[in-house]
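> Quick one: this structure, given as structure tokens, is what I'll be asking you about.
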Amino acid sequence: MEALIPVINKLQDVFNTVGADIIQLPQIAVVGTQSSGKSSVLESLVGKDLLPRGTGIVTRRPLILQLVHIDPEDRRKTGEENDPNVWKNGRLYKGVDGEEWGKFLHTKNKIYTDFDEIRQEIESETERVSGNNKGISDEPIHLKIFSPHVVNLTLVDLPGITKVPVGDQPKDIELQIRELILKYISNPNCIILAVTAANTDMATSEALKVAREVDPDGRRTLAVVTKLDLMDAGTDAMDVLMGRVIPVKLGLIGVVNRSQLDINNKKSVADSIRDEHAFLQKKYPSLANRNGTKYLARTLNRLLMHHIRDCLPELKTRINVLAAQYQSLLSSYGEPVEDMSATLLQLITKFATEYCNTIEGTAKYIETAELCGGARICYIFHETFGRTLESVDPLGGLTTIDVLTAIRNATGPRPALFVPEVSFELLVKRQVKRLEEPSLRCVELVHEEMQRIIQHCSNYSTQELLRFPKLHDAIVEVVTSLLRKRLPVTNEMVHNLVAIELAYINTKHPDFADACGLMNNNIEEQRRNRMRELPSAVPRDKSLKGPGGQSVSPTEQSPAEGDGPKMAGGAQGEQEGGTGTWRGMLKKGDEGQGEDKTKLQSSIPASPQKGHAVNLLDVPVPVARKLSAREQRDCEVIERLIKSYFLIVRKNIQDSVPKAVMHFLVNHVKDSLQSELVGQLYKPALLDDLLTESEDMAQRRNEAADMLKALQKASHVIAEIRETHLW
């Protein structure tokens with residue numbers, strides 16, 4: 001196995017760097033019937049007497065034997081390390097004491113330098129769990145052997161397959177052992193050594209049968225034929241070793257182990273291998289070079305190397321990915337701070353620039369999940385605020401009765417000839433006042449978004465800030481207080497914008513004057529039309545009496561009602577103000593009186609005045625009685641004037657509020673952010689405190705740098721291994 005040592009050592013360094021779980025070196029598990037020589041095969045691979053052997057069932061617990069290669073110069077990590085005598089002895093004999101040692105998992109840190117002790121410990125530990133009367137247990141014994149003469153490899157010695165329970169063994173002993181073996185050899189990284197004794201028939205080999213169950217293609221099963229020297233006189237294993245009896249893809253290898261007598265006489269493994277070679281040359285000269293323990297070791301080496309070669313591409317990819325990750329991690333940690341004031345100024349400037357860029361939409365990190373920064377502010381102005389204003393009904397909260405009451409209250413004790421202007425002003429102010437709340441809400445939403453930008457910048461854009469939590473908190477505090485300072489100023493301005501609209505109701509506004517003019521002309525024309533129609537319908541004098549009066553009222557009302565759809569069609573200004581002309585008002589007066597008379601004559605119980613009072617106090621929006629034509633016309637005039645003026649004001653507010661917010665809040669913060677941050681934070685007294693790194697940052701930076709170096713080294717190692725010709 002010596003040829004493998006340098007390669008696996010280098011790879012082991014790589015595994016230790018990257019994490020040993022990424023690639024598993026294969027285990028080598030021995031499977032076979034009881035007393036077929038499994039433990040002896042493993043011993044000859046390791047080259048040490050360390051496993052219990054004997055007749056009957058000896059291996060009664062799985063033994064997981066981890067071989068760990070060490071450099072000869074490595075000092076043993078024991079408590080006696082500082083004792084010069086022990087160490088001197090160790091170096092003096094250069095034997096088991098100094099170079100090689102073993103450790104059990106169950107004895108924690110106890111060191112075994114004598115391999116006889118190791119064998120005794122295995123026996124006593126087996127008896128402790130499995131009893132001393134041939135019982136078995138599936139609880140493994142873990143043993144690590146440290147030596148300069150082995151490769152990093154895991155060997156598993158399993159109990160032999162048995163059929164009939166003996167001693168304390170349970171009735172299902174065969175099933176238990178079978179399940180135990182399958183548990184280990186099912187691992188795809190396990191090379192199966194199927195051990196069969198040469199003095200039994202290969203066709204009855206339980207080992208090959210079990211191996212085929214988990215490895216039907218035979219890609220990881222190697223057949224080992226033991227006890228070649230114990231065959232009956234006149235028979236040989238030529239056909240078996242040539243693969244004529246049972247072909248095995250990876251081959252069949254014959255070995256000769258030490259007999260029980262050799263073991264009792266303490267024959268060494270090295271002598272045993274020499275005798276084995278002599279035996280093979282004598283008995284199987286043509287096959288001697290393809291059998292024996294040394295050939296078995298070389299074959300295993302080849303299998304190991306193939307496995308390693310298959311794993312290398314994945315390992316190389318993994319190393320490259322990890323190196324890239326650690327590189328970016330290291331750059332995010334930044335360099336240790338040397339010039340504090342320069343670093344502070346740089347970080348402050350970077351944050352301020354990122355903040356402004358996020359508002360402008362020129363930030364390096366474009367958010368794709370949701371709107372943020374300037375785009376969201378734009379959305380608030382034109383979608384949220386705009387739609388909210390458009391959804392405000394110009395006449396919301398105003399019923400016809402409210403309008404009528406306002407008109408009558410504005411006239412005082414005198415009955416009015418005209419619609420009083422005061423009522424229009426009062427009502428329109430009340431409606432315009434409703435625009436203030438959505439406007440202030442718009443300011444609040446923009447303020448919230450400006451707060452969110454702080455978080456966005458520190459998360460995505462200025463990773464260095466995460467190195468200095470105190471500086472990060474200080475910057476957040478300064479920006480938040482700046483925003484908090486600007487909020488009342490902006491709110492006041494928006495409040496003033498609405499107050500300005502309320503302060504002076506400009507009925508000479510060009511848009512409003514146009515609407516009134518249109519309405520005057522329209523109403524005048526309708527009145528002339530009605531005058532032309534009246535004589536043909538009924539005589540003028542009769543129209544004011546008796547049932548004739550009822551014919552007038554519908555005629556009067558129909559144009560007024562017919563105007564409703566025209567208004568909805570967009571000519572909001574029509575009919576507004578025209579009723580304020582003398583002729584229109586007088587005409588309306590006549591009609592109103594006519595209607596009153598007809599109501600009295602047709603014996604309606606209550607007078608119109610009483611009817612009004614009752615309606616105003618008790619009746620909800622759907623009015624119980626019909627309004628007189630004049631009342632209806634007055635209400636319509638006021639409503640249309642309110643609507644027309646309200647739309648003008650709403651347009652102004654929709655335009656001016658975003659401008660005010662931009663000027664007083666957004667642009668002001670953008671312009672003064674840098675100077676505010678520098679003024680508040682760039683002070684010599686604060687430098688040390690603000691630029692204190694989080695406690696573990698320096699440690700994490702060092703760890704990342706070490707890891708990056710190790711990964712780069714590992715990458716070189718893999719490149720070298722790929723160029724070697726060990727395959």
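Going by the structure tokens order, chains are called A, B, ..., each with residues numbered from 1, while ligands are numbered from 1 in the order shown.
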Pick out each residue of region 414-522 of chain A that DSSP on the backbone tags as helix (DSSP H, G or I); I need them as an NGL selection string.
:A and (421-433 or 436-461 or 463-467 or 469-503 or 510-522)
> Residues at most 9 Å from Arg452 (chain A), counting only C-alpha atoms, excluding those fewer than 4 positions away in the same chain, as a PyMOL selection string?
chain A and resi 372-373+447-448+456-457
> May I have the residues within 12 Å of Thr343 (chain A) as a list in words, using only C-alpha atoms and disregarding those fewer than 3 positions away in the same chain?
Gly334, Glu335, Pro336, Val337, Glu338, Asp339, Met340, Gln346, Leu347, Ile348, Thr349, Lys350, Glu464, Leu465, Phe468, Leu471, Tyr682, Leu687, Asp688, Leu690, Leu691 and Thr692 of chain A
> Show me, as a PyMOL selection string, the residues that have an atom within 7 Å of region 643-646 of chain A when counting only C-alpha atoms, minus same-chain residues fewer than 2 positions from it.
chain A and resi 394-395+428+432+512+572-573+639-641+648-650
> Mind listing the strand (DSSP E or B) residues of region 132-249 of chain A, per DSSP on the backbone, as a VMD selection string?
chain A and resid 141 to 147 153 to 157 161 190 to 197 221 to 226
> Write the residues you've just listed into a file as an mmCIF file, in the first residue's frame, and include N, CA, C and O atoms for each of them.

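After the write, selection-v7.cif holds the following:
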```
data_model
loop_
_atom_site.group_PDB
_atom_site.id
_atom_site.type_symbol
_atom_site.label_atom_id
_atom_site.label_comp_id
_atom_site.auth_asym_id
_atom_site.auth_seq_id
_atom_site.Cartn_x
_atom_site.Cartn_y
_atom_site.Cartn_z
ATOM 1 N N ILE A 141 -17.257 -2.263 17.463
ATOM 2 C CA ILE A 141 -16.083 -1.783 18.213
ATOM 3 C C ILE A 141 -15.307 -0.895 17.248
ATOM 4 O O ILE A 141 -15.032 -1.300 16.113
ATOM 5 N N HIS A 142 -14.995 0.330 17.673
ATOM 6 C CA HIS A 142 -14.238 1.253 16.813
ATOM 7 C C HIS A 142 -12.783 1.272 17.260
ATOM 8 O O HIS A 142 -12.494 1.574 18.410
ATOM 9 N N LEU A 143 -11.882 0.973 16.322
ATOM 10 C CA LEU A 143 -10.453 0.981 16.639
ATOM 11 C C LEU A 143 -9.718 1.801 15.585
ATOM 12 O O LEU A 143 -9.965 1.639 14.390
ATOM 13 N N LYS A 144 -8.853 2.694 16.058
ATOM 14 C CA LYS A 144 -8.032 3.485 15.130
ATOM 15 C C LYS A 144 -6.584 3.064 15.285
ATOM 16 O O LYS A 144 -6.084 2.989 16.410
ATOM 17 N N ILE A 145 -5.919 2.792 14.168
ATOM 18 C CA ILE A 145 -4.494 2.459 14.199
ATOM 19 C C ILE A 145 -3.733 3.598 13.518
ATOM 20 O O ILE A 145 -4.042 3.954 12.371
ATOM 21 N N PHE A 146 -2.782 4.186 14.226
ATOM 22 C CA PHE A 146 -1.952 5.259 13.672
ATOM 23 C C PHE A 146 -0.594 4.666 13.317
ATOM 24 O O PHE A 146 0.076 4.107 14.190
ATOM 25 N N SER A 147 -0.204 4.792 12.041
ATOM 26 C CA SER A 147 1.069 4.186 11.642
ATOM 27 C C SER A 147 1.582 4.864 10.383
ATOM 28 O O SER A 147 0.786 5.306 9.551
ATOM 29 N N LEU A 153 -7.678 4.387 5.548
ATOM 30 C CA LEU A 153 -8.619 3.410 5.011
ATOM 31 C C LEU A 153 -9.462 2.867 6.156
ATOM 32 O O LEU A 153 -9.025 2.855 7.301
ATOM 33 N N THR A 154 -10.671 2.417 5.825
ATOM 34 C CA THR A 154 -11.516 1.815 6.856
ATOM 35 C C THR A 154 -11.759 0.359 6.488
ATOM 36 O O THR A 154 -12.227 0.062 5.388
ATOM 37 N N LEU A 155 -11.433 -0.530 7.410
ATOM 38 C CA LEU A 155 -11.665 -1.963 7.206
ATOM 39 C C LEU A 155 -12.736 -2.407 8.193
ATOM 40 O O LEU A 155 -12.743 -1.971 9.345
ATOM 41 N N VAL A 156 -13.629 -3.284 7.741
ATOM 42 C CA VAL A 156 -14.692 -3.760 8.634
ATOM 43 C C VAL A 156 -14.603 -5.277 8.724
ATOM 44 O O VAL A 156 -14.730 -5.975 7.706
ATOM 45 N N ASP A 157 -14.355 -5.783 9.929
ATOM 46 C CA ASP A 157 -14.324 -7.233 10.160
ATOM 47 C C ASP A 157 -15.695 -7.637 10.683
ATOM 48 O O ASP A 157 -16.139 -7.141 11.722
ATOM 49 N N ILE A 161 -20.814 -15.911 8.572
ATOM 50 C CA ILE A 161 -22.176 -16.411 8.334
ATOM 51 C C ILE A 161 -22.281 -17.804 8.954
ATOM 52 O O ILE A 161 -21.447 -18.675 8.715
ATOM 53 N N CYS A 190 -18.539 0.737 -0.323
ATOM 54 C CA CYS A 190 -17.891 -0.381 0.376
ATOM 55 C C CYS A 190 -17.406 -1.420 -0.636
ATOM 56 O O CYS A 190 -18.188 -1.893 -1.454
ATOM 57 N N ILE A 191 -16.110 -1.731 -0.569
ATOM 58 C CA ILE A 191 -15.576 -2.818 -1.401
ATOM 59 C C ILE A 191 -15.752 -4.112 -0.612
ATOM 60 O O ILE A 191 -15.367 -4.195 0.560
ATOM 61 N N ILE A 192 -16.379 -5.107 -1.262
ATOM 62 C CA ILE A 192 -16.699 -6.355 -0.549
ATOM 63 C C ILE A 192 -15.620 -7.392 -0.868
ATOM 64 O O ILE A 192 -15.383 -7.710 -2.037
ATOM 65 N N LEU A 193 -14.978 -7.877 0.167
ATOM 66 C CA LEU A 193 -14.067 -9.016 -0.002
ATOM 67 C C LEU A 193 -14.858 -10.265 0.364
ATOM 68 O O LEU A 193 -15.138 -10.515 1.543
ATOM 69 N N ALA A 194 -15.281 -11.013 -0.647
ATOM 70 C CA ALA A 194 -16.065 -12.231 -0.398
ATOM 71 C C ALA A 194 -15.084 -13.380 -0.186
ATOM 72 O O ALA A 194 -14.454 -13.858 -1.131
ATOM 73 N N VAL A 195 -14.948 -13.791 1.070
ATOM 74 C CA VAL A 195 -13.925 -14.785 1.431
ATOM 75 C C VAL A 195 -14.537 -16.200 1.420
ATOM 76 O O VAL A 195 -15.574 -16.435 2.043
ATOM 77 N N THR A 196 -13.884 -17.093 0.691
ATOM 78 C CA THR A 196 -14.338 -18.496 0.637
ATOM 79 C C THR A 196 -13.116 -19.395 0.856
ATOM 80 O O THR A 196 -12.043 -19.120 0.293
ATOM 81 N N ALA A 197 -13.287 -20.425 1.625
ATOM 82 C CA ALA A 197 -12.162 -21.363 1.853
ATOM 83 C C ALA A 197 -12.013 -22.264 0.623
ATOM 84 O O ALA A 197 -13.005 -22.695 0.031
ATOM 85 N N THR A 221 -17.181 -6.153 -5.872
ATOM 86 C CA THR A 221 -16.974 -7.419 -5.154
ATOM 87 C C THR A 221 -15.681 -8.073 -5.638
ATOM 88 O O THR A 221 -15.499 -8.275 -6.840
ATOM 89 N N LEU A 222 -14.812 -8.367 -4.689
ATOM 90 C CA LEU A 222 -13.555 -9.049 -5.007
ATOM 91 C C LEU A 222 -13.581 -10.391 -4.258
ATOM 92 O O LEU A 222 -13.805 -10.415 -3.048
ATOM 93 N N ALA A 223 -13.402 -11.508 -5.003
ATOM 94 C CA ALA A 223 -13.455 -12.816 -4.346
ATOM 95 C C ALA A 223 -12.059 -13.192 -3.845
ATOM 96 O O ALA A 223 -11.067 -13.008 -4.552
ATOM 97 N N VAL A 224 -11.991 -13.663 -2.600
ATOM 98 C CA VAL A 224 -10.709 -14.089 -2.011
ATOM 99 C C VAL A 224 -10.850 -15.567 -1.624
ATOM 100 O O VAL A 224 -11.797 -15.941 -0.919
ATOM 101 N N VAL A 225 -9.910 -16.365 -2.104
ATOM 102 C CA VAL A 225 -9.932 -17.804 -1.785
ATOM 103 C C VAL A 225 -8.822 -18.066 -0.767
ATOM 104 O O VAL A 225 -7.639 -17.825 -1.045
ATOM 105 N N THR A 226 -9.207 -18.533 0.425
ATOM 106 C CA THR A 226 -8.220 -18.768 1.496
ATOM 107 C C THR A 226 -7.941 -20.277 1.612
ATOM 108 O O THR A 226 -8.600 -21.096 0.968
#
```
> Counting only C-alpha atoms, which residue out of A:Lys110, A:Ile453, A:Ala704, A:Gln431 sits closest to Ala375 (chain A)?
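Looking only at the distances to Ala375 (chain A), the closest residue turns out to be A:Ile453.
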> One number please: CA of Ser286 (chain A) to CA of Val240 (chain A), in Å, one decimal.
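Atom-to-atom, CA of Ser286 (chain A) and CA of Val240 (chain A) are spaced 13.9 Å apart.
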> Write out as a PyMOL selection string which residues come within 10 Å of Asn199 (chain A) when counting only C-alpha atoms, dropping same-chain ones fewer than 3 positions away.
chain A and resi 36+196+202+225-232+235-237
